[in-house]
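S.K.: model-v8.txt is reproduced below (compact mmCIF, C-alpha atoms).
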```txt
# COMPACT_ATOMS: atom_id res chain seq x y z
CA MET A 1 -16.43 6.66 9.75
CA THR A 2 -18.08 8.53 6.90
CA GLU A 3 -15.89 8.26 3.91
CA SER A 4 -15.73 7.50 0.26
CA VAL A 5 -12.86 5.84 -1.47
CA VAL A 6 -10.83 8.24 -3.52
CA LEU A 7 -11.67 7.84 -7.17
CA GLN A 8 -14.29 5.15 -7.01
CA ALA A 9 -14.68 4.34 -10.69
CA GLU A 10 -15.10 0.59 -11.15
CA GLU A 11 -15.88 0.34 -14.85
CA PRO A 12 -13.16 0.28 -17.48
CA ALA A 13 -12.16 3.84 -18.20
CA PRO A 14 -10.23 5.28 -21.14
CA LEU A 15 -7.89 6.99 -18.73
CA GLU A 16 -6.85 3.76 -17.07
CA GLY A 17 -3.92 3.07 -19.34
CA VAL A 18 -2.63 6.63 -19.08
CA ILE A 19 -2.91 6.57 -15.31
CA LYS A 20 -1.21 3.19 -15.04
CA GLY A 21 1.70 4.67 -16.97
CA GLU A 22 1.82 7.71 -14.72
CA VAL A 23 1.74 5.55 -11.58
CA LEU A 24 4.65 3.50 -12.89
CA ARG A 25 6.56 6.63 -13.83
CA MET A 26 6.03 8.44 -10.56
CA TYR A 27 6.98 5.59 -8.23
CA GLN A 28 9.99 4.69 -10.35
CA GLU A 29 11.01 8.34 -10.06
CA VAL A 30 10.76 8.13 -6.26
CA ALA A 31 12.94 5.02 -6.33
CA GLU A 32 15.57 6.37 -8.69
CA HIS A 33 15.62 9.99 -7.56
CA PRO A 34 14.49 10.05 -3.94
CA GLU A 35 16.03 13.48 -3.54
CA GLY A 36 13.33 14.88 -5.89
CA GLU A 37 10.23 16.83 -4.92
CA PHE A 38 6.86 15.11 -4.97
CA HIS A 39 3.28 15.86 -3.91
CA PHE A 40 3.76 13.57 -0.94
CA TYR A 41 6.33 13.19 1.79
CA HIS A 42 8.58 10.22 1.25
CA GLY A 43 11.70 8.56 2.52
CA ARG A 44 12.82 8.58 6.14
CA GLN A 45 10.97 11.81 6.89
CA ALA A 46 7.64 10.19 5.97
CA ALA A 47 8.42 6.92 7.74
CA GLU A 48 9.31 8.72 10.97
CA MET A 49 6.16 10.84 10.62
CA PHE A 50 4.10 7.62 10.60
CA GLY A 51 5.80 6.10 13.60
CA TYR A 52 8.16 3.61 12.02
CA GLU A 53 10.62 2.51 14.66
CA ARG A 54 13.99 4.21 14.29
CA GLN A 55 15.81 0.95 14.78
CA TRP A 56 14.02 -0.44 11.70
CA LEU A 57 15.00 2.58 9.63
CA ASP A 58 18.61 2.45 10.84
CA ARG A 59 18.86 -1.24 10.06
CA ALA A 60 17.13 -1.28 6.64
CA PRO A 61 19.09 -0.59 3.45
CA PRO A 62 19.28 3.18 2.84
CA GLY A 63 17.84 2.74 -0.65
CA ALA A 64 14.71 1.08 0.70
CA VAL A 65 14.22 3.81 3.29
CA ALA A 66 14.88 6.70 0.88
CA SER A 67 12.32 5.37 -1.60
CA PHE A 68 9.58 4.77 0.97
CA ALA A 69 6.36 6.32 -0.37
CA GLY A 70 3.69 5.03 2.02
CA VAL A 71 0.86 6.97 3.64
CA GLY A 72 0.92 5.38 7.08
CA ASN A 73 2.22 2.46 9.08
CA PRO A 74 0.47 -0.87 8.47
CA HIS A 75 2.83 -2.58 10.96
CA LEU A 76 1.04 -0.89 13.86
CA ARG A 77 -1.82 -3.41 13.54
CA SER A 78 -0.40 -6.24 11.46
CA ARG A 79 0.18 -8.55 14.47
CA LEU A 80 2.64 -10.71 12.55
CA HIS A 81 3.87 -13.97 14.05
CA ALA A 82 6.89 -16.13 13.38
CA GLY A 83 6.18 -18.36 10.41
CA ASP A 84 3.49 -16.19 8.83
CA VAL A 85 3.30 -15.85 5.06
CA VAL A 86 2.84 -12.15 4.30
CA LEU A 87 1.73 -10.49 1.09
CA ASP A 88 2.98 -6.92 0.64
CA LEU A 89 0.68 -5.54 -2.03
CA GLY A 90 2.53 -2.82 -3.94
CA SER A 91 5.85 -3.60 -2.36
CA GLY A 92 7.80 -0.79 -4.04
CA ALA A 93 11.43 -0.62 -2.93
CA GLY A 94 10.70 -3.11 -0.17
CA LEU A 95 10.84 -1.32 3.18
CA ASP A 96 7.52 -2.73 4.44
CA SER A 97 8.42 -6.20 3.18
CA ILE A 98 11.72 -6.07 5.04
CA ILE A 99 10.11 -4.99 8.30
CA ALA A 100 7.49 -7.73 7.91
CA GLY A 101 10.23 -10.23 7.14
CA TRP A 102 12.06 -9.43 10.33
CA GLN A 103 8.86 -10.11 12.26
CA VAL A 104 7.95 -13.43 10.63
CA GLY A 105 11.53 -14.67 10.89
CA PRO A 106 13.26 -17.45 8.99
CA THR A 107 10.25 -19.78 9.16
CA GLY A 108 8.00 -17.19 7.53
CA ARG A 109 8.24 -15.48 4.20
CA VAL A 110 7.19 -12.33 2.43
CA ILE A 111 5.72 -12.15 -1.03
CA GLY A 112 5.76 -8.82 -2.78
CA VAL A 113 3.54 -7.89 -5.70
CA ASP A 114 4.30 -4.81 -7.73
CA LEU A 115 3.30 -3.45 -11.10
CA ASN A 116 6.88 -2.54 -11.86
CA PRO A 117 9.37 -5.40 -12.44
CA THR A 118 12.33 -3.08 -11.83
CA MET A 119 10.97 -2.26 -8.39
CA CYS A 120 10.45 -5.95 -7.72
CA ARG A 121 14.10 -6.71 -8.40
CA LYS A 122 15.14 -3.74 -6.27
CA ALA A 123 12.93 -4.86 -3.37
CA GLU A 124 14.31 -8.41 -3.56
CA ALA A 125 17.87 -7.09 -3.49
CA HIS A 126 17.10 -4.88 -0.49
CA ALA A 127 15.43 -7.80 1.28
CA ALA A 128 18.35 -10.12 0.58
CA THR A 129 20.82 -7.69 2.14
CA SER A 130 18.49 -7.44 5.15
CA GLY A 131 18.37 -11.20 5.71
CA VAL A 132 14.73 -11.44 4.67
CA ARG A 133 13.20 -14.17 2.51
CA MET A 134 11.22 -12.23 -0.07
CA ALA A 135 10.05 -13.09 -3.55
CA CYS A 136 8.47 -10.32 -5.57
CA HIS A 137 6.08 -10.99 -8.41
CA GLU A 138 5.31 -8.50 -11.13
CA GLY A 139 1.56 -8.23 -11.20
CA ARG A 140 -1.59 -6.21 -10.89
CA MET A 141 -3.48 -5.85 -7.63
CA GLU A 142 -6.69 -6.58 -9.56
CA ASP A 143 -5.29 -9.98 -10.56
CA ILE A 144 -2.88 -11.02 -7.81
CA PRO A 145 -0.54 -13.73 -9.10
CA LEU A 146 -0.99 -16.02 -6.09
CA PRO A 147 -3.10 -19.12 -5.40
CA ASP A 148 -6.27 -19.06 -3.34
CA ALA A 149 -5.86 -19.15 0.45
CA SER A 150 -2.07 -18.89 0.31
CA VAL A 151 -1.21 -16.03 2.71
CA ASP A 152 -1.76 -15.39 6.41
CA VAL A 153 -1.55 -11.60 6.38
CA VAL A 154 -1.80 -8.86 3.76
CA ILE A 155 -0.11 -5.54 4.28
CA SER A 156 -0.31 -2.62 1.88
CA ASN A 157 0.61 1.03 2.07
CA GLY A 158 -0.93 3.72 -0.10
CA VAL A 159 -1.52 1.52 -3.11
CA ILE A 160 -5.17 0.47 -3.41
CA ASN A 161 -6.31 4.07 -3.98
CA LEU A 162 -4.38 3.95 -7.26
CA SER A 163 -6.68 1.28 -8.69
CA PHE A 164 -9.69 1.93 -10.90
CA ARG A 165 -11.21 -1.35 -9.72
CA LYS A 166 -11.17 -1.32 -5.97
CA ARG A 167 -13.95 -3.87 -5.55
CA THR A 168 -11.94 -6.29 -7.64
CA VAL A 169 -8.87 -5.62 -5.50
CA MET A 170 -10.83 -6.39 -2.33
CA ARG A 171 -12.14 -9.63 -3.83
CA GLU A 172 -8.59 -10.59 -4.71
CA LEU A 173 -7.35 -9.89 -1.18
CA PHE A 174 -10.16 -12.04 0.17
CA ARG A 175 -9.30 -14.83 -2.28
CA VAL A 176 -5.58 -15.04 -1.49
CA LEU A 177 -5.99 -14.91 2.29
CA LYS A 178 -6.30 -18.16 4.20
CA PRO A 179 -9.47 -18.59 6.29
CA GLY A 180 -8.91 -16.55 9.43
CA GLY A 181 -6.26 -14.48 7.64
CA ARG A 182 -5.94 -10.78 8.31
CA LEU A 183 -5.12 -7.58 6.53
CA SER A 184 -3.59 -4.33 7.73
CA ILE A 185 -3.57 -1.64 5.10
CA THR A 186 -3.09 2.08 5.09
CA ASP A 187 -4.60 4.08 2.28
CA ILE A 188 -6.11 7.36 1.21
CA VAL A 189 -9.84 8.05 1.41
CA SER A 190 -11.90 11.17 0.89
CA ALA A 191 -15.04 12.38 2.60
CA LYS A 192 -16.42 13.81 -0.66
CA GLN A 193 -16.50 12.64 -4.24
CA LEU A 194 -13.61 14.29 -6.03
CA ALA A 195 -14.20 16.71 -8.88
CA GLN A 196 -13.90 15.21 -12.34
CA SER A 197 -10.97 17.52 -13.08
CA ILE A 198 -9.03 15.82 -10.28
CA VAL A 199 -10.17 12.34 -11.27
CA ASN A 200 -9.03 12.98 -14.83
CA ASP A 201 -5.58 14.23 -13.85
CA PRO A 202 -3.11 11.34 -14.05
CA LYS A 203 -0.51 13.18 -11.97
CA LEU A 204 -2.92 13.78 -9.10
CA TRP A 205 -4.23 10.21 -9.31
CA ALA A 206 -0.71 8.83 -9.16
CA SER A 207 0.20 10.96 -6.16
CA MET B 1 -13.01 1.42 1.66
CA PHE B 2 -14.79 0.19 4.79
CA GLY B 3 -17.81 -0.77 2.72
CA LEU B 4 -15.69 -2.41 0.06
CA LEU B 5 -13.97 -4.60 2.64
CA GLU B 6 -17.29 -5.68 4.13
CA GLY B 7 -18.73 -6.20 0.67
CA ALA B 8 -15.88 -8.55 -0.18
CA GLY B 9 -16.73 -10.69 2.85
CA PHE B 10 -14.28 -9.41 5.45
CA THR B 11 -15.35 -9.24 9.06
CA ARG B 12 -14.04 -7.29 12.06
CA VAL B 13 -13.34 -4.32 9.80
CA ARG B 14 -11.78 -1.49 11.77
CA SER B 15 -10.40 1.87 10.72
CA THR B 16 -8.40 4.59 12.34
CA VAL B 17 -7.15 7.85 10.90
CA VAL B 18 -3.38 8.07 10.40
CA PRO B 19 -2.20 10.99 12.50
CA GLY B 20 0.22 13.35 10.81
CA PHE B 21 -0.59 12.47 7.23
CA ALA B 22 -0.39 15.44 4.88
CA PHE B 23 0.55 16.18 1.34
CA ARG B 24 3.83 18.04 1.04
CA LYS B 25 2.87 20.56 -1.64
CA GLU B 26 0.65 23.33 -0.37
CA SER B 27 -1.62 23.35 -3.43
CA THR B 28 -2.27 19.61 -3.11
CA ARG B 29 -2.71 19.95 0.63
CA ASP B 30 -5.36 22.64 0.20
CA ALA B 31 -7.30 20.60 -2.35
CA ALA B 32 -7.06 17.50 -0.18
CA GLU B 33 -8.37 19.43 2.81
CA ALA B 34 -11.33 20.70 0.80
CA TYR B 35 -12.31 17.14 -0.09
CA GLY B 36 -11.67 15.71 3.34
CA VAL B 37 -8.86 13.52 2.10
CA LYS B 38 -7.13 11.56 4.83
CA ALA B 39 -5.01 8.51 5.32
CA VAL B 40 -6.63 5.65 7.19
CA LEU B 41 -5.35 2.39 8.63
CA PHE B 42 -7.78 -0.46 7.99
CA THR B 43 -7.72 -3.89 9.54
CA ALA B 44 -10.02 -6.78 8.72
CA GLN B 45 -10.24 -10.54 8.88
CA LYS B 46 -11.34 -13.26 6.53
CA PRO B 47 -13.81 -15.52 8.36
CA SER B 48 -12.36 -18.83 9.55
CA THR B 49 -15.06 -20.90 7.91
```
Rewrite the structure of this file - the entire thing - as structure tokens.
M.R.:
Amino acid sequence: MTESVVLQAEEPAPLEGVIKGEVLRMYQEVAEHPEGEFHFYHGRQAAEMFGYERQWLDRAPPGAVASFAGVGNPHLRSRLHAGDVVLDLGSGAGLDSIIAGWQVGPTGRVIGVDLNPTMCRKAEAHAATSGVRMACHEGRMEDIPLPDASVDVVISNGVINLSFRKRTVMRELFRVLKPGGRLSITDIVSAKQLAQSIVNDPKLWAS
Amino acid sequence: MFGLLEGAGFTRVRSTVVPGFAFRKESTRDAAEAYGVKAVLFTAQKPST
């Protein structure tokens, strides 16, 4: 596939702090006001669009479903097994963590990592009411707060494109996976380098 | 993204376009279309040794 990663900047950029703030703001807005209008589809409508099983969406806490802001369905290829340790990078309100947790069962566990500590607490609460063992760590995807070779599978949904340092993110994913570990991630890519006016727009970056 | 995964050391990198992905707002959708923006599902594996 011919592609380029959206917004490929790897060097420190003056906009990074502004954009980090906008990312936090936008996804907190989705979580707190899921009835709002955003650039992207979200909630149950988006999840159904991407082929999430209806039984999952019926069974998951309504708050986790309503705040879903993914761009695809990483579960289609995650091939989770009972007992697996799963990292959900950018776990948000927790829907993907919960679905993963149901698949790995009581002998497995799910670890969320999210930039926003409020979202982490929300995801943990949603997971707890779903019978899923999940611990969420506040952290950056460029510096994942987990030991080397500690997870079997990484899932992620529409998050890595938000980073300025995608090479670093990939190195981190490689580091935390056990040998033979797998990843299944959905994300946004573009066929052409985006115009600087788009790159410099925090709202577009965050969406 | 494909290249970044391989560059990090992953093997068996596969990608498939997510059918049905679109931005909700028309203005964003038009811009995304112009740049060939799409959602993709990537899978990859860390070598066993």
S.K.: Select all residues from chain B having any atom no more than 8 Å from an atom of chain A (counting all atoms listed in the file, ignoring ligands), output as a compact mmCIF listing (two decimals) with C-alpha atoms, in the frame of the given file.
M.R.:
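part-v2.txt, freshly written:
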```txt
# COMPACT_ATOMS: atom_id res chain seq x y z
CA MET B 1 -13.01 1.42 1.66
CA LEU B 4 -15.69 -2.41 0.06
CA LEU B 5 -13.97 -4.60 2.64
CA ALA B 8 -15.88 -8.55 -0.18
CA GLY B 9 -16.73 -10.69 2.85
CA PHE B 10 -14.28 -9.41 5.45
CA SER B 15 -10.40 1.87 10.72
CA VAL B 18 -3.38 8.07 10.40
CA PRO B 19 -2.20 10.99 12.50
CA GLY B 20 0.22 13.35 10.81
CA PHE B 21 -0.59 12.47 7.23
CA ALA B 22 -0.39 15.44 4.88
CA PHE B 23 0.55 16.18 1.34
CA ARG B 24 3.83 18.04 1.04
CA LYS B 25 2.87 20.56 -1.64
CA THR B 28 -2.27 19.61 -3.11
CA TYR B 35 -12.31 17.14 -0.09
CA GLY B 36 -11.67 15.71 3.34
CA VAL B 37 -8.86 13.52 2.10
CA LYS B 38 -7.13 11.56 4.83
CA ALA B 39 -5.01 8.51 5.32
CA VAL B 40 -6.63 5.65 7.19
CA LEU B 41 -5.35 2.39 8.63
CA PHE B 42 -7.78 -0.46 7.99
CA THR B 43 -7.72 -3.89 9.54
CA ALA B 44 -10.02 -6.78 8.72
CA GLN B 45 -10.24 -10.54 8.88
CA LYS B 46 -11.34 -13.26 6.53
CA PRO B 47 -13.81 -15.52 8.36
CA SER B 48 -12.36 -18.83 9.55
CA THR B 49 -15.06 -20.90 7.91
```
S.K.: May I have the protein, DNA and RNA residues with an atom at most 7 Å from (12.4, -4.8, 0.7), counting only C-alpha atoms in the file's coordinates, returned as a ChimeraX atom specification?
M.R.: /A:64,93-98,123-124,126-127
S.K.: Quick one, how far is atom CA of Leu80 of chain A from atom CA of Ala100 of chain A?
M.R.: 7.3 Å
S.K.: Do you have the atom CA of Ala66 of chain A-atom CA of Asp114 of chain A distance handy?
M.R.: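 Between atom CA of Ala66 of chain A and atom CA of Asp114 of chain A the gap works out to 17.8 Å.
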S.K.: So what do you get for atom CA of Pro147 of chain A versus atom CA of Cys120 of chain A, distance-wise?
M.R.: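 Interatomic distance here is 19.0 Å.
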S.K.: Which residues are near segment 105-112 of chain A? Cut-off 7 Å, only C-alpha atoms, ignore same chain within fewer than 6 positions. Put them as a ChimeraX atom specification.
M.R.: /A:82-91,97,133-137
S.K.: Given 4 Å of margin on each side, can you work out the centre and size in Å (one decimal) of an axis-aligned box holding every listed atom of segment 24-42 of chain B, as JSON?
M.R.:
```
{"center_x": -4.2, "center_y": 11.4, "center_z": 2.6, "size_x": 24.1, "size_y": 31.8, "size_z": 20.1}
```
